[in-house]
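S.K.: Dropping in upload.cif, with mmCIF, N, CA, C and O atoms.
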data_final
#
loop_
_atom_site.group_PDB
_atom_site.id
_atom_site.type_symbol
_atom_site.label_atom_id
_atom_site.label_comp_id
_atom_site.auth_asym_id
_atom_site.auth_seq_id
_atom_site.Cartn_x
_atom_site.Cartn_y
_atom_site.Cartn_z
ATOM 1 N N MET P 271 -16.886 16.619 6.603
ATOM 2 C CA MET P 271 -15.490 16.550 6.995
ATOM 3 C C MET P 271 -15.040 15.095 7.170
ATOM 4 O O MET P 271 -13.947 14.740 6.784
ATOM 5 N N LYS P 272 -15.917 14.291 7.778
ATOM 6 C CA LYS P 272 -15.587 12.888 8.002
ATOM 7 C C LYS P 272 -15.439 12.134 6.682
ATOM 8 O O LYS P 272 -14.558 11.291 6.540
ATOM 9 N N GLU P 273 -16.301 12.460 5.704
ATOM 10 C CA GLU P 273 -16.234 11.786 4.411
ATOM 11 C C GLU P 273 -14.932 12.105 3.696
ATOM 12 O O GLU P 273 -14.340 11.259 3.036
ATOM 13 N N ARG P 274 -14.476 13.342 3.828
ATOM 14 C CA ARG P 274 -13.224 13.737 3.174
ATOM 15 C C ARG P 274 -12.034 12.999 3.802
ATOM 16 O O ARG P 274 -11.115 12.586 3.091
ATOM 17 N N LEU P 275 -12.042 12.821 5.115
ATOM 18 C CA LEU P 275 -10.980 12.078 5.790
ATOM 19 C C LEU P 275 -10.955 10.630 5.307
ATOM 20 O O LEU P 275 -9.894 10.072 5.042
ATOM 21 N N TYR P 276 -12.133 10.027 5.140
ATOM 22 C CA TYR P 276 -12.202 8.662 4.628
ATOM 23 C C TYR P 276 -11.675 8.585 3.198
ATOM 24 O O TYR P 276 -11.016 7.618 2.827
ATOM 25 N N ASP P 277 -11.978 9.598 2.380
ATOM 26 C CA ASP P 277 -11.464 9.616 1.007
ATOM 27 C C ASP P 277 -9.940 9.717 0.990
ATOM 28 O O ASP P 277 -9.276 9.043 0.200
ATOM 29 N N VAL P 278 -9.373 10.536 1.848
ATOM 30 C CA VAL P 278 -7.915 10.681 1.916
ATOM 31 C C VAL P 278 -7.273 9.367 2.348
ATOM 32 O O VAL P 278 -6.279 8.918 1.763
ATOM 33 N N ILE P 279 -7.840 8.732 3.354
ATOM 34 C CA ILE P 279 -7.312 7.446 3.829
ATOM 35 C C ILE P 279 -7.452 6.386 2.742
ATOM 36 O O ILE P 279 -6.524 5.614 2.490
ATOM 37 N N LYS P 280 -8.607 6.366 2.066
ATOM 38 C CA LYS P 280 -8.840 5.386 1.010
ATOM 39 C C LYS P 280 -7.824 5.543 -0.112
ATOM 40 O O LYS P 280 -7.193 4.564 -0.540
ATOM 41 N N TRP P 281 -7.628 6.762 -0.603
ATOM 42 C CA TRP P 281 -6.687 6.978 -1.704
ATOM 43 C C TRP P 281 -5.242 6.758 -1.255
ATOM 44 O O TRP P 281 -4.403 6.318 -2.042
ATOM 45 N N GLY P 282 -4.940 7.044 -0.020
ATOM 46 C CA GLY P 282 -3.606 6.753 0.502
ATOM 47 C C GLY P 282 -3.330 5.262 0.491
ATOM 48 O O GLY P 282 -2.253 4.813 0.095
ATOM 49 N N LEU P 283 -4.304 4.473 0.911
ATOM 50 C CA LEU P 283 -4.159 3.014 0.876
ATOM 51 C C LEU P 283 -4.056 2.489 -0.549
ATOM 52 O O LEU P 283 -3.266 1.581 -0.824
ATOM 53 N N VAL P 284 -4.827 3.053 -1.460
ATOM 54 C CA VAL P 284 -4.765 2.636 -2.862
ATOM 55 C C VAL P 284 -3.372 2.894 -3.427
ATOM 56 O O VAL P 284 -2.783 2.038 -4.094
ATOM 57 N N ILE P 285 -2.794 4.058 -3.134
ATOM 58 C CA ILE P 285 -1.454 4.397 -3.624
ATOM 59 C C ILE P 285 -0.402 3.485 -2.997
ATOM 60 O O ILE P 285 0.504 3.006 -3.686
ATOM 61 N N LEU P 286 -0.511 3.205 -1.706
ATOM 62 C CA LEU P 286 0.444 2.309 -1.042
ATOM 63 C C LEU P 286 0.374 0.893 -1.605
ATOM 64 O O LEU P 286 1.410 0.265 -1.862
ATOM 65 N N ILE P 287 -0.815 0.388 -1.813
ATOM 66 C CA ILE P 287 -0.978 -0.959 -2.357
ATOM 67 C C ILE P 287 -0.455 -1.020 -3.789
ATOM 68 O O ILE P 287 0.230 -1.970 -4.166
ATOM 69 N N ALA P 288 -0.745 0.012 -4.590
ATOM 70 C CA ALA P 288 -0.253 0.033 -5.973
ATOM 71 C C ALA P 288 1.276 0.087 -5.990
ATOM 72 O O ALA P 288 1.915 -0.593 -6.800
ATOM 73 N N GLY P 289 1.875 0.869 -5.099
ATOM 74 C CA GLY P 289 3.335 0.933 -5.014
ATOM 75 C C GLY P 289 3.940 -0.394 -4.607
ATOM 76 O O GLY P 289 4.969 -0.816 -5.139
ATOM 77 N N PHE P 290 3.325 -1.072 -3.666
ATOM 78 C CA PHE P 290 3.802 -2.379 -3.216
ATOM 79 C C PHE P 290 3.718 -3.412 -4.340
ATOM 80 O O PHE P 290 4.658 -4.164 -4.569
ATOM 81 N N ILE P 291 2.622 -3.412 -5.065
ATOM 82 C CA ILE P 291 2.455 -4.346 -6.186
ATOM 83 C C ILE P 291 3.475 -4.043 -7.281
ATOM 84 O O ILE P 291 4.077 -4.955 -7.847
ATOM 85 N N PHE P 292 3.700 -2.756 -7.572
ATOM 86 C CA PHE P 292 4.700 -2.387 -8.568
ATOM 87 C C PHE P 292 6.085 -2.849 -8.145
ATOM 88 O O PHE P 292 6.859 -3.352 -8.958
ATOM 89 N N TYR P 293 6.417 -2.705 -6.872
ATOM 90 C CA TYR P 293 7.719 -3.126 -6.368
ATOM 91 C C TYR P 293 7.907 -4.636 -6.530
ATOM 92 O O TYR P 293 8.990 -5.100 -6.855
ATOM 93 N N ILE P 294 6.855 -5.400 -6.315
ATOM 94 C CA ILE P 294 6.938 -6.854 -6.453
ATOM 95 C C ILE P 294 7.073 -7.260 -7.926
ATOM 96 O O ILE P 294 7.863 -8.129 -8.272
ATOM 97 N N ILE P 295 6.324 -6.620 -8.811
ATOM 98 C CA ILE P 295 6.274 -7.009 -10.215
ATOM 99 C C ILE P 295 7.461 -6.464 -11.010
ATOM 100 O O ILE P 295 7.955 -7.133 -11.910
ATOM 101 N N TYR P 296 7.945 -5.271 -10.697
ATOM 102 C CA TYR P 296 9.017 -4.634 -11.467
ATOM 103 C C TYR P 296 10.266 -5.502 -11.467
ATOM 104 O O TYR P 296 10.696 -5.969 -10.414
ATOM 105 N N PRO P 297 10.884 -5.738 -12.621
ATOM 106 C CA PRO P 297 12.079 -6.585 -12.671
ATOM 107 C C PRO P 297 13.275 -5.895 -12.026
ATOM 108 O O PRO P 297 13.817 -4.949 -12.566
ATOM 109 N N LYS P 298 13.657 -6.378 -10.857
ATOM 110 C CA LYS P 298 14.743 -5.773 -10.102
ATOM 111 C C LYS P 298 16.106 -6.288 -10.543
ATOM 112 O O LYS P 298 17.105 -5.617 -10.357
ATOM 113 N N TYR P 299 16.152 -7.462 -11.111
ATOM 114 C CA TYR P 299 17.434 -8.075 -11.443
ATOM 115 C C TYR P 299 17.622 -8.210 -12.942
ATOM 116 O O TYR P 299 16.692 -8.514 -13.678
ATOM 117 N N HIS P 300 18.849 -7.951 -13.363
ATOM 118 C CA HIS P 300 19.266 -8.161 -14.742
ATOM 119 C C HIS P 300 20.359 -9.217 -14.704
ATOM 120 O O HIS P 300 21.385 -9.016 -14.058
ATOM 121 N N PHE P 301 20.124 -10.338 -15.353
ATOM 122 C CA PHE P 301 21.088 -11.425 -15.318
ATOM 123 C C PHE P 301 22.112 -11.229 -16.428
ATOM 124 O O PHE P 301 21.785 -11.267 -17.605
ATOM 125 N N ILE P 302 23.368 -10.988 -16.031
ATOM 126 C CA ILE P 302 24.455 -10.769 -16.966
ATOM 127 C C ILE P 302 24.871 -12.109 -17.567
ATOM 128 O O ILE P 302 25.065 -12.232 -18.766
ATOM 129 N N GLU P 303 25.043 -13.086 -16.734
ATOM 130 C CA GLU P 303 25.275 -14.478 -17.137
ATOM 131 C C GLU P 303 24.289 -15.300 -16.314
ATOM 132 O O GLU P 303 23.529 -14.764 -15.539
ATOM 133 N N SER P 304 24.349 -16.599 -16.453
ATOM 134 C CA SER P 304 23.403 -17.422 -15.702
ATOM 135 C C SER P 304 23.705 -17.408 -14.203
ATOM 136 O O SER P 304 22.824 -17.666 -13.394
ATOM 137 N N THR P 305 24.940 -17.087 -13.811
ATOM 138 C CA THR P 305 25.288 -17.110 -12.390
ATOM 139 C C THR P 305 25.610 -15.728 -11.828
ATOM 140 O O THR P 305 25.960 -15.612 -10.663
ATOM 141 N N ILE P 306 25.493 -14.671 -12.634
ATOM 142 C CA ILE P 306 25.766 -13.311 -12.156
ATOM 143 C C ILE P 306 24.532 -12.464 -12.399
ATOM 144 O O ILE P 306 23.972 -12.450 -13.497
ATOM 145 N N ARG P 307 24.096 -11.746 -11.372
ATOM 146 C CA ARG P 307 22.936 -10.881 -11.525
ATOM 147 C C ARG P 307 23.256 -9.493 -10.969
ATOM 148 O O ARG P 307 24.046 -9.339 -10.042
ATOM 149 N N GLY P 308 22.626 -8.502 -11.548
ATOM 150 C CA GLY P 308 22.786 -7.130 -11.083
ATOM 151 C C GLY P 308 21.441 -6.562 -10.688
ATOM 152 O O GLY P 308 20.463 -6.701 -11.420
ATOM 153 N N ASN P 309 21.380 -5.931 -9.525
ATOM 154 C CA ASN P 309 20.153 -5.319 -9.050
ATOM 155 C C ASN P 309 20.038 -3.937 -9.674
ATOM 156 O O ASN P 309 20.899 -3.082 -9.464
ATOM 157 N N THR P 310 18.994 -3.699 -10.462
ATOM 158 C CA THR P 310 18.847 -2.430 -11.161
ATOM 159 C C THR P 310 18.439 -1.295 -10.237
ATOM 160 O O THR P 310 18.573 -0.136 -10.604
ATOM 161 N N ILE P 311 17.977 -1.586 -9.045
ATOM 162 C CA ILE P 311 17.564 -0.550 -8.106
ATOM 163 C C ILE P 311 18.743 -0.088 -7.257
ATOM 164 O O ILE P 311 18.984 1.109 -7.117
ATOM 165 N N THR P 312 19.499 -1.012 -6.698
ATOM 166 C CA THR P 312 20.589 -0.655 -5.789
ATOM 167 C C THR P 312 21.960 -0.654 -6.438
ATOM 168 O O THR P 312 22.893 -0.096 -5.885
ATOM 169 N N GLY P 313 22.123 -1.284 -7.597
ATOM 170 C CA GLY P 313 23.410 -1.362 -8.257
ATOM 171 C C GLY P 313 24.293 -2.469 -7.724
ATOM 172 O O GLY P 313 25.464 -2.563 -8.068
ATOM 173 N N LYS P 314 23.761 -3.333 -6.894
ATOM 174 C CA LYS P 314 24.510 -4.432 -6.289
ATOM 175 C C LYS P 314 24.693 -5.566 -7.301
ATOM 176 O O LYS P 314 23.759 -5.932 -8.002
ATOM 177 N N VAL P 315 25.910 -6.116 -7.389
ATOM 178 C CA VAL P 315 26.204 -7.224 -8.295
ATOM 179 C C VAL P 315 26.507 -8.457 -7.448
ATOM 180 O O VAL P 315 27.310 -8.399 -6.522
ATOM 181 N N GLU P 316 25.847 -9.573 -7.768
ATOM 182 C CA GLU P 316 25.992 -10.795 -6.986
ATOM 183 C C GLU P 316 26.289 -11.977 -7.897
ATOM 184 O O GLU P 316 25.931 -11.968 -9.064
ATOM 185 N N LYS P 317 26.949 -12.974 -7.336
ATOM 186 C CA LYS P 317 27.255 -14.204 -8.062
ATOM 187 C C LYS P 317 26.676 -15.382 -7.286
ATOM 188 O O LYS P 317 26.761 -15.424 -6.065
ATOM 189 N N TYR P 318 26.115 -16.333 -8.012
ATOM 190 C CA TYR P 318 25.530 -17.521 -7.392
ATOM 191 C C TYR P 318 26.628 -18.529 -7.076
ATOM 192 O O TYR P 318 27.406 -18.913 -7.941
ATOM 193 N N VAL P 319 26.682 -18.961 -5.816
ATOM 194 C CA VAL P 319 27.657 -19.962 -5.387
ATOM 195 C C VAL P 319 26.940 -21.297 -5.300
ATOM 196 O O VAL P 319 26.017 -21.461 -4.504
ATOM 197 N N GLN P 320 27.381 -22.235 -6.118
ATOM 198 C CA GLN P 320 26.683 -23.529 -6.217
ATOM 199 C C GLN P 320 26.782 -24.338 -4.929
ATOM 200 O O GLN P 320 25.832 -25.005 -4.537
ATOM 201 N N LYS P 321 27.932 -24.286 -4.245
ATOM 202 C CA LYS P 321 28.115 -25.097 -3.038
ATOM 203 C C LYS P 321 27.135 -24.715 -1.936
ATOM 204 O O LYS P 321 26.555 -25.568 -1.286
ATOM 205 N N SER P 322 26.975 -23.417 -1.712
ATOM 206 C CA SER P 322 26.092 -22.984 -0.628
ATOM 207 C C SER P 322 24.654 -22.772 -1.108
ATOM 208 O O SER P 322 23.728 -22.743 -0.309
ATOM 209 N N GLY P 323 24.478 -22.579 -2.413
ATOM 210 C CA GLY P 323 23.136 -22.341 -2.937
ATOM 211 C C GLY P 323 22.638 -20.943 -2.654
ATOM 212 O O GLY P 323 21.442 -20.687 -2.669
ATOM 213 N N LYS P 324 23.554 -19.986 -2.420
ATOM 214 C CA LYS P 324 23.177 -18.604 -2.097
ATOM 215 C C LYS P 324 23.873 -17.636 -3.041
ATOM 216 O O LYS P 324 24.844 -17.974 -3.704
ATOM 217 N N TRP P 325 23.375 -16.394 -3.064
ATOM 218 C CA TRP P 325 23.974 -15.335 -3.859
ATOM 219 C C TRP P 325 25.014 -14.614 -3.012
ATOM 220 O O TRP P 325 24.741 -14.210 -1.896
ATOM 221 N N LYS P 326 26.221 -14.432 -3.558
ATOM 222 C CA LYS P 326 27.313 -13.781 -2.845
ATOM 223 C C LYS P 326 27.578 -12.419 -3.481
ATOM 224 O O LYS P 326 27.697 -12.296 -4.695
ATOM 225 N N ASP P 327 27.699 -11.383 -2.645
ATOM 226 C CA ASP P 327 27.971 -10.035 -3.112
ATOM 227 C C ASP P 327 29.399 -9.953 -3.639
ATOM 228 O O ASP P 327 30.338 -10.411 -2.992
ATOM 229 N N LEU P 328 29.576 -9.374 -4.836
ATOM 230 C CA LEU P 328 30.902 -9.283 -5.438
ATOM 231 C C LEU P 328 31.651 -8.007 -5.038
ATOM 232 O O LEU P 328 32.817 -7.852 -5.358
ATOM 233 N N ASN P 329 31.010 -7.067 -4.347
ATOM 234 C CA ASN P 329 31.627 -5.827 -3.853
ATOM 235 C C ASN P 329 32.338 -5.043 -4.945
ATOM 236 O O ASN P 329 33.495 -4.676 -4.816
ATOM 237 N N TYR P 330 31.650 -4.784 -6.046
ATOM 238 C CA TYR P 330 32.223 -3.944 -7.087
ATOM 239 C C TYR P 330 32.281 -2.514 -6.585
ATOM 240 O O TYR P 330 31.382 -2.028 -5.920
ATOM 241 N N ARG P 331 33.364 -1.820 -6.893
ATOM 242 C CA ARG P 331 33.533 -0.421 -6.479
ATOM 243 C C ARG P 331 33.883 0.413 -7.694
ATOM 244 O O ARG P 331 34.432 -0.080 -8.675
ATOM 245 N N LYS P 332 33.632 1.716 -7.590
ATOM 246 C CA LYS P 332 34.000 2.622 -8.664
ATOM 247 C C LYS P 332 35.513 2.696 -8.786
ATOM 248 O O LYS P 332 36.226 2.757 -7.792
ATOM 249 N N ILE P 333 35.994 2.715 -10.012
ATOM 250 C CA ILE P 333 37.421 2.866 -10.245
ATOM 251 C C ILE P 333 37.730 4.338 -10.528
ATOM 252 O O ILE P 333 38.694 4.882 -10.038
ATOM 253 N N SER P 334 36.877 4.994 -11.290
ATOM 254 C CA SER P 334 37.058 6.416 -11.553
ATOM 255 C C SER P 334 35.680 7.056 -11.651
ATOM 256 O O SER P 334 34.656 6.390 -11.621
ATOM 257 N N GLU P 335 35.664 8.368 -11.793
ATOM 258 C CA GLU P 335 34.389 9.070 -11.863
ATOM 259 C C GLU P 335 33.626 8.784 -13.152
ATOM 260 O O GLU P 335 32.424 8.911 -13.209
ATOM 261 N N THR P 336 34.340 8.420 -14.223
ATOM 262 C CA THR P 336 33.660 8.169 -15.496
ATOM 263 C C THR P 336 33.036 6.784 -15.546
ATOM 264 O O THR P 336 32.093 6.561 -16.280
ATOM 265 N N GLU P 337 33.575 5.847 -14.767
ATOM 266 C CA GLU P 337 33.011 4.505 -14.732
ATOM 267 C C GLU P 337 31.903 4.456 -13.700
ATOM 268 O O GLU P 337 31.853 5.258 -12.780
ATOM 269 N N LYS P 338 31.011 3.502 -13.838
ATOM 270 C CA LYS P 338 29.890 3.420 -12.913
ATOM 271 C C LYS P 338 29.628 1.975 -12.529
ATOM 272 O O LYS P 338 30.026 1.047 -13.222
ATOM 273 N N LEU P 339 28.960 1.803 -11.408
ATOM 274 C CA LEU P 339 28.507 0.485 -10.998
ATOM 275 C C LEU P 339 27.279 0.114 -11.801
ATOM 276 O O LEU P 339 26.638 0.957 -12.415
ATOM 277 N N PHE P 340 26.939 -1.143 -11.785
ATOM 278 C CA PHE P 340 25.755 -1.606 -12.513
ATOM 279 C C PHE P 340 24.519 -0.894 -11.985
ATOM 280 O O PHE P 340 24.266 -0.859 -10.800
ATOM 281 N N GLY P 341 23.765 -0.284 -12.890
ATOM 282 C CA GLY P 341 22.501 0.335 -12.517
ATOM 283 C C GLY P 341 22.605 1.764 -12.046
ATOM 284 O O GLY P 341 21.584 2.422 -11.846
ATOM 285 N N GLU P 342 23.807 2.322 -11.843
ATOM 286 C CA GLU P 342 23.924 3.716 -11.408
ATOM 287 C C GLU P 342 23.711 4.646 -12.577
ATOM 288 O O GLU P 342 24.059 4.347 -13.709
ATOM 289 N N ARG P 343 23.184 5.802 -12.282
ATOM 290 C CA ARG P 343 22.972 6.801 -13.328
ATOM 291 C C ARG P 343 24.209 7.681 -13.432
ATOM 292 O O ARG P 343 24.843 7.993 -12.446
ATOM 293 N N THR P 344 24.523 8.086 -14.640
ATOM 294 C CA THR P 344 25.656 8.981 -14.838
ATOM 295 C C THR P 344 25.141 10.400 -15.006
ATOM 296 O O THR P 344 24.036 10.609 -15.538
ATOM 297 N N PRO P 345 25.909 11.400 -14.569
ATOM 298 C CA PRO P 345 25.444 12.781 -14.728
ATOM 299 C C PRO P 345 25.407 13.188 -16.200
ATOM 300 O O PRO P 345 26.182 12.673 -17.016
ATOM 301 N N LEU P 346 24.483 14.102 -16.518
ATOM 302 C CA LEU P 346 24.395 14.590 -17.879
ATOM 303 C C LEU P 346 25.599 15.462 -18.194
ATOM 304 O O LEU P 346 26.109 16.168 -17.344
ATOM 305 N N ARG P 347 26.061 15.407 -19.423
ATOM 306 C CA ARG P 347 27.238 16.206 -19.805
ATOM 307 C C ARG P 347 26.846 17.371 -20.640
ATOM 308 O O ARG P 347 25.928 17.462 -21.275
#
Would it be possible to restate this file's structure as structure tokens?
M.R.:
Amino acid sequence: MKERLYDVIKWGLVILIAGFIFYIIYPKYHFIESTIRGNTITGKVEKYVQKSGKWKDLNYRKISETEKLFGERTPLR
């Protein structure tokens, strides 16, 4: 029984570590231009501000149901 518990804990840690490594390596950003990037996971669009040296959220919103934000999935038709 103890060995099985260790196996469950071991494989749980292996899966967590693999997920963490995948999250770090997976390309989260798609650069539309050199100063605009879109996050493929959250759909957030940001622009680089040269004066502050930081990324600023552009607050894109849906205009209609047929249009989508960057990275959002559309329903199947």
S.K.: Name the residues that the PyMOL selection byres ((chain P and resi 304) around 8) picks from the file above, as a PyMOL selection string, using the file's chain letters and numbers.
M.R.: chain P and resi 301-303+305-307+316-318
S.K.: Starting from the displayed file, determine the output of the PyMOL selection byres ((chain P and resi 327) around 7) and express the residue list as a VMD selection string.
M.R.: chain P and resid 314 to 317 325 to 326 328 to 330
S.K.: Show which residues sit within 10 Å of Pro297 (chain P), as a list of chain:residue names. Count only C-alpha atoms, and ignore same-chain residues fewer than 4 positions away.
M.R.: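 Neighbouring residues, sequence-local ones excluded: P:Phe292, P:Tyr293, P:Asn309, P:Thr310, P:Ile311.
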S.K.: In Å, how far is it from atom N of Ile295 (chain P) to atom N of Val319 (chain P)?
M.R.: 24.0 Å
S.K.: Provide the CA of Lys324 (chain P) to CA of His300 (chain P) distance in Å, to one decimal place.
M.R.: 16.9 Å
S.K.: Quick one: pull the distance between atom N of Gly308 (chain P) and CA of Gly323 (chain P), Å, one decimal.
M.R.: 16.3 Å
S.K.: Hey, which of P:Lys298, P:Ile285, P:Lys272, P:Lys280 ends up closest to Gly313 (chain P)? Count all atoms listed in the file.
M.R.: P:Lys298
S.K.: Place all heavy atoms on region 304-314 of chain P and deliver the coordinates as a short mmCIF file (atom, residue, chain, number, x, y, z; two decimals), in the frame of the given file.
M.R.:
data_model
loop_
_atom_site.label_atom_id
_atom_site.label_comp_id
_atom_site.auth_asym_id
_atom_site.auth_seq_id
_atom_site.Cartn_x
_atom_site.Cartn_y
_atom_site.Cartn_z
N SER P 304 24.35 -16.60 -16.45
CA SER P 304 23.40 -17.42 -15.70
C SER P 304 23.70 -17.41 -14.20
O SER P 304 22.82 -17.67 -13.39
CB SER P 304 23.41 -18.85 -16.22
OG SER P 304 24.69 -19.42 -16.07
N THR P 305 24.94 -17.09 -13.81
CA THR P 305 25.29 -17.11 -12.39
C THR P 305 25.61 -15.73 -11.83
O THR P 305 25.96 -15.61 -10.66
CB THR P 305 26.51 -18.01 -12.15
OG1 THR P 305 27.61 -17.53 -12.91
CG2 THR P 305 26.20 -19.45 -12.54
N ILE P 306 25.49 -14.67 -12.63
CA ILE P 306 25.77 -13.31 -12.16
C ILE P 306 24.53 -12.46 -12.40
O ILE P 306 23.97 -12.45 -13.50
CB ILE P 306 26.98 -12.70 -12.88
CG1 ILE P 306 28.23 -13.51 -12.58
CG2 ILE P 306 27.18 -11.26 -12.46
CD1 ILE P 306 29.46 -13.05 -13.34
N ARG P 307 24.10 -11.75 -11.37
CA ARG P 307 22.94 -10.88 -11.52
C ARG P 307 23.26 -9.49 -10.97
O ARG P 307 24.05 -9.34 -10.04
CB ARG P 307 21.70 -11.45 -10.83
CG ARG P 307 21.77 -11.41 -9.32
CD ARG P 307 20.52 -11.99 -8.70
NE ARG P 307 20.59 -11.93 -7.24
CZ ARG P 307 19.68 -12.41 -6.44
NH1 ARG P 307 18.62 -13.01 -6.94
NH2 ARG P 307 19.81 -12.31 -5.13
N GLY P 308 22.63 -8.50 -11.55
CA GLY P 308 22.79 -7.13 -11.08
C GLY P 308 21.44 -6.56 -10.69
O GLY P 308 20.46 -6.70 -11.42
N ASN P 309 21.38 -5.93 -9.52
CA ASN P 309 20.15 -5.32 -9.05
C ASN P 309 20.04 -3.94 -9.67
O ASN P 309 20.90 -3.08 -9.46
CB ASN P 309 20.17 -5.23 -7.53
CG ASN P 309 18.85 -4.81 -6.95
OD1 ASN P 309 18.17 -3.95 -7.50
ND2 ASN P 309 18.49 -5.41 -5.84
N THR P 310 18.99 -3.70 -10.46
CA THR P 310 18.85 -2.43 -11.16
C THR P 310 18.44 -1.30 -10.24
O THR P 310 18.57 -0.14 -10.60
CB THR P 310 17.81 -2.55 -12.29
OG1 THR P 310 16.57 -2.99 -11.74
CG2 THR P 310 18.26 -3.52 -13.35
N ILE P 311 17.98 -1.59 -9.04
CA ILE P 311 17.56 -0.55 -8.11
C ILE P 311 18.74 -0.09 -7.26
O ILE P 311 18.98 1.11 -7.12
CB ILE P 311 16.41 -1.05 -7.22
CG1 ILE P 311 15.19 -1.35 -8.10
CG2 ILE P 311 16.07 -0.03 -6.14
CD1 ILE P 311 14.06 -2.01 -7.38
N THR P 312 19.50 -1.01 -6.70
CA THR P 312 20.59 -0.66 -5.79
C THR P 312 21.96 -0.65 -6.44
O THR P 312 22.89 -0.10 -5.88
CB THR P 312 20.64 -1.63 -4.60
OG1 THR P 312 20.92 -2.94 -5.08
CG2 THR P 312 19.34 -1.63 -3.83
N GLY P 313 22.12 -1.28 -7.60
CA GLY P 313 23.41 -1.36 -8.26
C GLY P 313 24.29 -2.47 -7.72
O GLY P 313 25.46 -2.56 -8.07
N LYS P 314 23.76 -3.33 -6.89
CA LYS P 314 24.51 -4.43 -6.29
C LYS P 314 24.69 -5.57 -7.30
O LYS P 314 23.76 -5.93 -8.00
CB LYS P 314 23.73 -4.92 -5.08
CG LYS P 314 24.42 -5.88 -4.19
CD LYS P 314 23.51 -6.14 -3.00
CE LYS P 314 24.07 -7.14 -2.06
NZ LYS P 314 23.16 -7.40 -0.95
#
